[in-house]
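Read the structure below first, then the notes.
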Amino acid sequence: MTILYTAQWVLPVSAPPIQDGAVAVRDGRILAVGPEAEARARLARFGALETVALGRAAICPGLVNAHTHLELTAFRGRLEGHSFFDWIRTLTRLREERMDADDLDVSAQWGAVEAARAGITTLADTEVSGAGFRALCQSGLRGIAHQEVFGPDPMQAKKSLFGLKRRVETLRRSETELVRLGVSPHAVYSVSALLFRLVIEYAERYDLPVAIHCAESQAEDDFLRSGQGPFAELLRQRGIAWSPPRVSAIRYLSDLNALRVKPLLIHAVRATEEDIGLLTFHGARVAHCPKSNAKFGHGIAPVSQMRQRGARVGLGTDSVASNNVCDLLDEGRFAQLVSRAARGDDRLAPAAALLQWMTLDGASALGLDDRIGTLEVGKEADLIGISLAGPHLEPVYDPVATVVTAATGRDVILTVVKGRVIYDGARVLTLDEERLRERLRSLAGRLSFPVAEGA
């Protein structure tokens, strides 16, 4: 059966907006894109059409979220007011002591519900439990589930690698055409140089995508450049020797030869001109998470310079434990505004470029731009419908500008992944929202108790 999605506007990204447009989908792929009348005439030879008329709405490619932590969804609003270091420490303690595997699954699945309702069809997730991977598979969303590994003590590097391998090998049996696994040596302050080398070799051998939290904070910079700050102090308390390399995080990763696998560098807030040269030379990619960065006071990543020099940069929301919402439309608008403010340039990221940043550029950053990111014949049918009928969206002079400057995830009325309807405007069809809501509220009751002194 061929399905014809129609709307007042179709925004292909790869071509100008189409008024009174349509997108035809058959067997999970895009069969036609164009004015509705032309599409119907062209598709007559395929026989009966099922029409889904969205009316006063825009059909766009599915949004691509380049960095999330679905398993942390239950922590939304729980860790407000903490410094970055204390936020990490408290979150880790709560997750380890008060959440079991079922809790993490509920948390991750609720994150998938939020993403689907916001028109996010692809996510690059980072996790320690496998719950994000399972949630992606169960929800029907597309994604990469990077399995995190920690280990600042080089004496424990082989043990940490063994644990990572065991997790990956177990989960890899359940990979699908939509969801694959990757690995993530967490960050330079939580992974020893030896463990970095071992994980990079492992990823290279088995063709696993790599993601690394990198160049995120002043505390990380102090750790590398002077061997001071809370991360260095924590290592000293644990009896782990640390000799700072006195270079930036990206230079450090380059010196370890970790950039050879073209990793996804998460945040890169403190990237210097030299760093930008290194990451573009090696073909590393960047996940830009401006709201999370701003919330912690980390600063504004120099993404305009990165993009100007040819770096592949996707937009990420980070976890809702730090961002508070998984809404890429809102994230993109914030990214545009802070970039303009930081650079003093009101021409940065115009509407069409911003929509491309949320879709095709994110797909490119994840190596998926040959499959998704635009509405083009032959590509896989990841598409969303965004209502243009709300009072905050009227009048519509330019549909692209309206979508990127005024719409939010709450205006999404349809989410389709490879031709399968995941969200129909009323509910997510692949997960039991009411059951998850009840279980999440119960879990929140347990997470609300204060962490014991000395945690």
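Within each chain, counting starts at residue 1; across the structure tokens, chains are named A, B, ... in the order shown, with ligands numbered 1 upward in that order.
The shell of residues at most 10 Å from Phe46 (chain A), with only C-alpha atoms counted and near chain neighbours (fewer than 5 positions) removed, consists of Met1, Thr2, Arg26 and Arg40 of chain A.
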- Message: Going by DSSP on the backbone, which residues of region 71-294 of chain A come out as alpha helix (DSSP H)? List them as a PyMOL selection string.
- Response: chain A and resi 84-98+101-117+131-139+157-172+193-206+218-225+230-237+249-255+273-282+290-294
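Considering the residues A:Arg446, A:Leu431, A:Leu178, A:Ala124 and counting only C-alpha atoms, Asp318 (chain A) has its shortest atom-to-atom contact with A:Ala124.
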- Message: List as JSON, numbers by chain the protein and nucleic acid residues near Arg312 (chain A), meaning an atom at most 10 Å away when only C-alpha atoms are counted, but skip any in the same chain fewer than 2 places from it.
- Response: {"A": [264, 279, 280, 283, 284, 285, 286, 287, 303, 306, 307, 308, 309, 310, 314, 357, 361, 362, 363, 364, 365, 366, 367]}
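Relative to CA of Leu329 (chain A), CA of Leu375 (chain A) is found at 17.9 Å.
Proximity to Ile250 (chain A) at 8 Å, evaluated using only C-alpha atoms and with sequence-adjacent residues fewer than 3 positions away removed, yields Cys214, Ala215, Leu253, Ser254, Ala271, Asp275, Leu278 and Leu279 of chain A.
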- Query: Near region 19-25 of chain A, counting only C-alpha atoms, which residues have an atom at most 6 Å away, once you skip same-chain residues fewer than 3 positions from it, shown as number ranges by chain?
  - Reply: A: 2-10, 29-36
- For Ser129 (chain A), list every protein, DNA or RNA residue within 9 Å, evaluated using only C-alpha atoms, and leave out those in the same chain fewer than 3 positions away; present the list as a PyMOL selection string. chain A and resi 71+101+104-105+132-133+147-148+167
Writing out the chosen residues with C-alpha atoms as a PDB file, in the first residue's frame:
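Result went into selection-v4.pdb, see below:
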```pdb
ATOM      1  CA  GLU A  71      18.245   6.312  30.812  1.00  0.00           C
ATOM      2  CA  ALA A 101      17.453  -2.493  35.588  1.00  0.00           C
ATOM      3  CA  LEU A 104      16.371   2.327  33.980  1.00  0.00           C
ATOM      4  CA  ASP A 105      14.194   0.731  31.303  1.00  0.00           C
ATOM      5  CA  GLY A 132      18.566   3.279  25.965  1.00  0.00           C
ATOM      6  CA  PHE A 133      19.318   0.636  23.354  1.00  0.00           C
ATOM      7  CA  GLN A 147      27.838   2.068  25.580  1.00  0.00           C
ATOM      8  CA  GLU A 148      29.846   4.101  28.071  1.00  0.00           C
ATOM      9  CA  ARG A 167      27.905  -5.568  27.315  1.00  0.00           C
TER      10      ARG A 167
END
```
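Residue nearest His298 (chain A), chosen from A:Gln156, A:Gln336, A:Gln356, A:Ser83 and counting only C-alpha atoms: A:Ser83.
With distances restricted to only C-alpha atoms, A:Ala351 is the closest residue to Pro399 (chain A) from A:Leu360, A:Leu72, A:Ala444, A:Ala351.
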Using DSSP on the backbone coordinates, identify all residues within region 30-148 of chain A classified as strand (DSSP E or B); present the result as a PDB file with N, CA and C atoms, in the first residue's frame.
```pdb
ATOM      1  N   ILE A  30      10.613   6.763   0.521  1.00  0.00           N
ATOM      2  CA  ILE A  30       9.898   7.876  -0.118  1.00  0.00           C
ATOM      3  C   ILE A  30       9.783   7.588  -1.602  1.00  0.00           C
ATOM      4  N   LEU A  31       8.549   7.587  -2.073  1.00  0.00           N
ATOM      5  CA  LEU A  31       8.267   7.257  -3.465  1.00  0.00           C
ATOM      6  C   LEU A  31       8.099   8.511  -4.330  1.00  0.00           C
ATOM      7  N   ALA A  32       7.594   9.586  -3.720  1.00  0.00           N
ATOM      8  CA  ALA A  32       7.379  10.825  -4.466  1.00  0.00           C
ATOM      9  C   ALA A  32       7.305  11.986  -3.486  1.00  0.00           C
ATOM     10  N   VAL A  33       7.760  13.163  -3.942  1.00  0.00           N
ATOM     11  CA  VAL A  33       7.663  14.403  -3.181  1.00  0.00           C
ATOM     12  C   VAL A  33       7.306  15.503  -4.170  1.00  0.00           C
ATOM     13  N   GLY A  34       6.253  16.266  -3.882  1.00  0.00           N
ATOM     14  CA  GLY A  34       5.883  17.344  -4.791  1.00  0.00           C
ATOM     15  C   GLY A  34       4.516  17.881  -4.493  1.00  0.00           C
ATOM     16  N   PRO A  35       3.987  18.752  -5.363  1.00  0.00           N
ATOM     17  CA  PRO A  35       2.614  19.221  -5.207  1.00  0.00           C
ATOM     18  C   PRO A  35       1.649  18.037  -5.188  1.00  0.00           C
ATOM     19  N   LEU A  49      -4.394   4.472  -3.140  1.00  0.00           N
ATOM     20  CA  LEU A  49      -3.600   5.283  -2.232  1.00  0.00           C
ATOM     21  C   LEU A  49      -4.356   5.463  -0.927  1.00  0.00           C
ATOM     22  N   GLU A  50      -3.651   5.354   0.169  1.00  0.00           N
ATOM     23  CA  GLU A  50      -4.222   5.763   1.459  1.00  0.00           C
ATOM     24  C   GLU A  50      -3.718   7.172   1.730  1.00  0.00           C
ATOM     25  N   THR A  51      -4.617   8.097   1.953  1.00  0.00           N
ATOM     26  CA  THR A  51      -4.242   9.496   2.157  1.00  0.00           C
ATOM     27  C   THR A  51      -4.322   9.859   3.630  1.00  0.00           C
ATOM     28  N   VAL A  52      -3.274  10.480   4.138  1.00  0.00           N
ATOM     29  CA  VAL A  52      -3.256  11.043   5.487  1.00  0.00           C
ATOM     30  C   VAL A  52      -3.131  12.551   5.311  1.00  0.00           C
ATOM     31  N   ALA A  53      -4.224  13.260   5.509  1.00  0.00           N
ATOM     32  CA  ALA A  53      -4.268  14.707   5.277  1.00  0.00           C
ATOM     33  C   ALA A  53      -4.024  15.447   6.591  1.00  0.00           C
ATOM     34  N   ALA A  57      -0.495  22.387   8.165  1.00  0.00           N
ATOM     35  CA  ALA A  57       0.686  21.815   8.816  1.00  0.00           C
ATOM     36  C   ALA A  57       1.840  21.809   7.833  1.00  0.00           C
ATOM     37  N   ALA A  58       3.018  21.513   8.351  1.00  0.00           N
ATOM     38  CA  ALA A  58       4.217  21.357   7.521  1.00  0.00           C
ATOM     39  C   ALA A  58       4.759  19.952   7.720  1.00  0.00           C
ATOM     40  N   ILE A  59       5.089  19.296   6.621  1.00  0.00           N
ATOM     41  CA  ILE A  59       5.756  17.991   6.673  1.00  0.00           C
ATOM     42  C   ILE A  59       7.249  18.225   6.475  1.00  0.00           C
ATOM     43  N   CYS A  60       8.040  17.722   7.394  1.00  0.00           N
ATOM     44  CA  CYS A  60       9.491  17.914   7.380  1.00  0.00           C
ATOM     45  C   CYS A  60      10.188  16.565   7.534  1.00  0.00           C
ATOM     46  N   PRO A  61      11.484  16.512   7.238  1.00  0.00           N
ATOM     47  CA  PRO A  61      12.247  15.314   7.615  1.00  0.00           C
ATOM     48  C   PRO A  61      12.227  15.153   9.135  1.00  0.00           C
ATOM     49  N   LEU A  63      13.522  14.897  12.849  1.00  0.00           N
ATOM     50  CA  LEU A  63      14.602  15.618  13.528  1.00  0.00           C
ATOM     51  C   LEU A  63      15.637  14.634  14.068  1.00  0.00           C
ATOM     52  N   VAL A  64      16.898  15.049  14.051  1.00  0.00           N
ATOM     53  CA  VAL A  64      18.012  14.182  14.456  1.00  0.00           C
ATOM     54  C   VAL A  64      18.673  14.772  15.695  1.00  0.00           C
ATOM     55  N   ASN A  65      18.605  14.043  16.796  1.00  0.00           N
ATOM     56  CA  ASN A  65      19.172  14.482  18.077  1.00  0.00           C
ATOM     57  C   ASN A  65      20.536  13.811  18.258  1.00  0.00           C
ATOM     58  N   ALA A  66      21.591  14.604  18.173  1.00  0.00           N
ATOM     59  CA  ALA A  66      22.948  14.057  18.134  1.00  0.00           C
ATOM     60  C   ALA A  66      23.513  13.668  19.494  1.00  0.00           C
ATOM     61  N   HIS A  67      22.786  13.951  20.589  1.00  0.00           N
ATOM     62  CA  HIS A  67      23.292  13.498  21.897  1.00  0.00           C
ATOM     63  C   HIS A  67      22.182  13.495  22.934  1.00  0.00           C
ATOM     64  N   THR A  68      21.940  12.311  23.502  1.00  0.00           N
ATOM     65  CA  THR A  68      20.975  12.157  24.583  1.00  0.00           C
ATOM     66  C   THR A  68      21.499  11.154  25.606  1.00  0.00           C
ATOM     67  N   ILE A 120      11.377  13.822  17.057  1.00  0.00           N
ATOM     68  CA  ILE A 120      12.754  13.346  16.948  1.00  0.00           C
ATOM     69  C   ILE A 120      12.701  11.883  16.510  1.00  0.00           C
ATOM     70  N   THR A 121      13.208  11.610  15.339  1.00  0.00           N
ATOM     71  CA  THR A 121      13.145  10.250  14.797  1.00  0.00           C
ATOM     72  C   THR A 121      14.455   9.495  14.950  1.00  0.00           C
ATOM     73  N   THR A 122      15.555  10.216  15.174  1.00  0.00           N
ATOM     74  CA  THR A 122      16.873   9.588  15.320  1.00  0.00           C
ATOM     75  C   THR A 122      17.582  10.185  16.520  1.00  0.00           C
ATOM     76  N   LEU A 123      18.192   9.323  17.333  1.00  0.00           N
ATOM     77  CA  LEU A 123      18.931   9.774  18.507  1.00  0.00           C
ATOM     78  C   LEU A 123      20.278   9.074  18.587  1.00  0.00           C
ATOM     79  N   ALA A 124      21.303   9.817  18.982  1.00  0.00           N
ATOM     80  CA  ALA A 124      22.586   9.223  19.359  1.00  0.00           C
ATOM     81  C   ALA A 124      22.620   9.223  20.876  1.00  0.00           C
ATOM     82  N   ASP A 125      22.391   8.064  21.454  1.00  0.00           N
ATOM     83  CA  ASP A 125      22.254   7.953  22.899  1.00  0.00           C
ATOM     84  C   ASP A 125      23.570   7.498  23.515  1.00  0.00           C
ATOM     85  N   THR A 126      23.764   7.863  24.772  1.00  0.00           N
ATOM     86  CA  THR A 126      24.949   7.451  25.519  1.00  0.00           C
ATOM     87  C   THR A 126      24.479   6.904  26.853  1.00  0.00           C
ATOM     88  N   GLU A 127      24.945   5.712  27.227  1.00  0.00           N
ATOM     89  CA  GLU A 127      24.374   5.034  28.385  1.00  0.00           C
ATOM     90  C   GLU A 127      25.350   4.020  28.967  1.00  0.00           C
ATOM     91  N   ARG A 142      14.918   5.441  15.431  1.00  0.00           N
ATOM     92  CA  ARG A 142      16.222   5.130  14.842  1.00  0.00           C
ATOM     93  C   ARG A 142      17.306   5.655  15.778  1.00  0.00           C
ATOM     94  N   GLY A 143      18.466   4.969  15.827  1.00  0.00           N
ATOM     95  CA  GLY A 143      19.506   5.536  16.673  1.00  0.00           C
ATOM     96  C   GLY A 143      20.773   4.719  16.781  1.00  0.00           C
ATOM     97  N   ILE A 144      21.712   5.329  17.492  1.00  0.00           N
ATOM     98  CA  ILE A 144      22.963   4.687  17.878  1.00  0.00           C
ATOM     99  C   ILE A 144      23.028   4.735  19.397  1.00  0.00           C
ATOM    100  N   ALA A 145      23.216   3.594  20.024  1.00  0.00           N
ATOM    101  CA  ALA A 145      23.298   3.518  21.479  1.00  0.00           C
ATOM    102  C   ALA A 145      24.754   3.286  21.869  1.00  0.00           C
ATOM    103  N   HIS A 146      25.443   4.357  22.246  1.00  0.00           N
ATOM    104  CA  HIS A 146      26.853   4.262  22.633  1.00  0.00           C
ATOM    105  C   HIS A 146      26.949   3.752  24.068  1.00  0.00           C
ATOM    106  N   GLN A 147      27.656   2.645  24.248  1.00  0.00           N
ATOM    107  CA  GLN A 147      27.838   2.068  25.580  1.00  0.00           C
ATOM    108  C   GLN A 147      29.046   2.714  26.256  1.00  0.00           C
ATOM    109  N   GLU A 148      28.785   3.367  27.387  1.00  0.00           N
ATOM    110  CA  GLU A 148      29.846   4.101  28.071  1.00  0.00           C
ATOM    111  C   GLU A 148      30.767   3.163  28.843  1.00  0.00           C
TER     112      GLU A 148
END
```
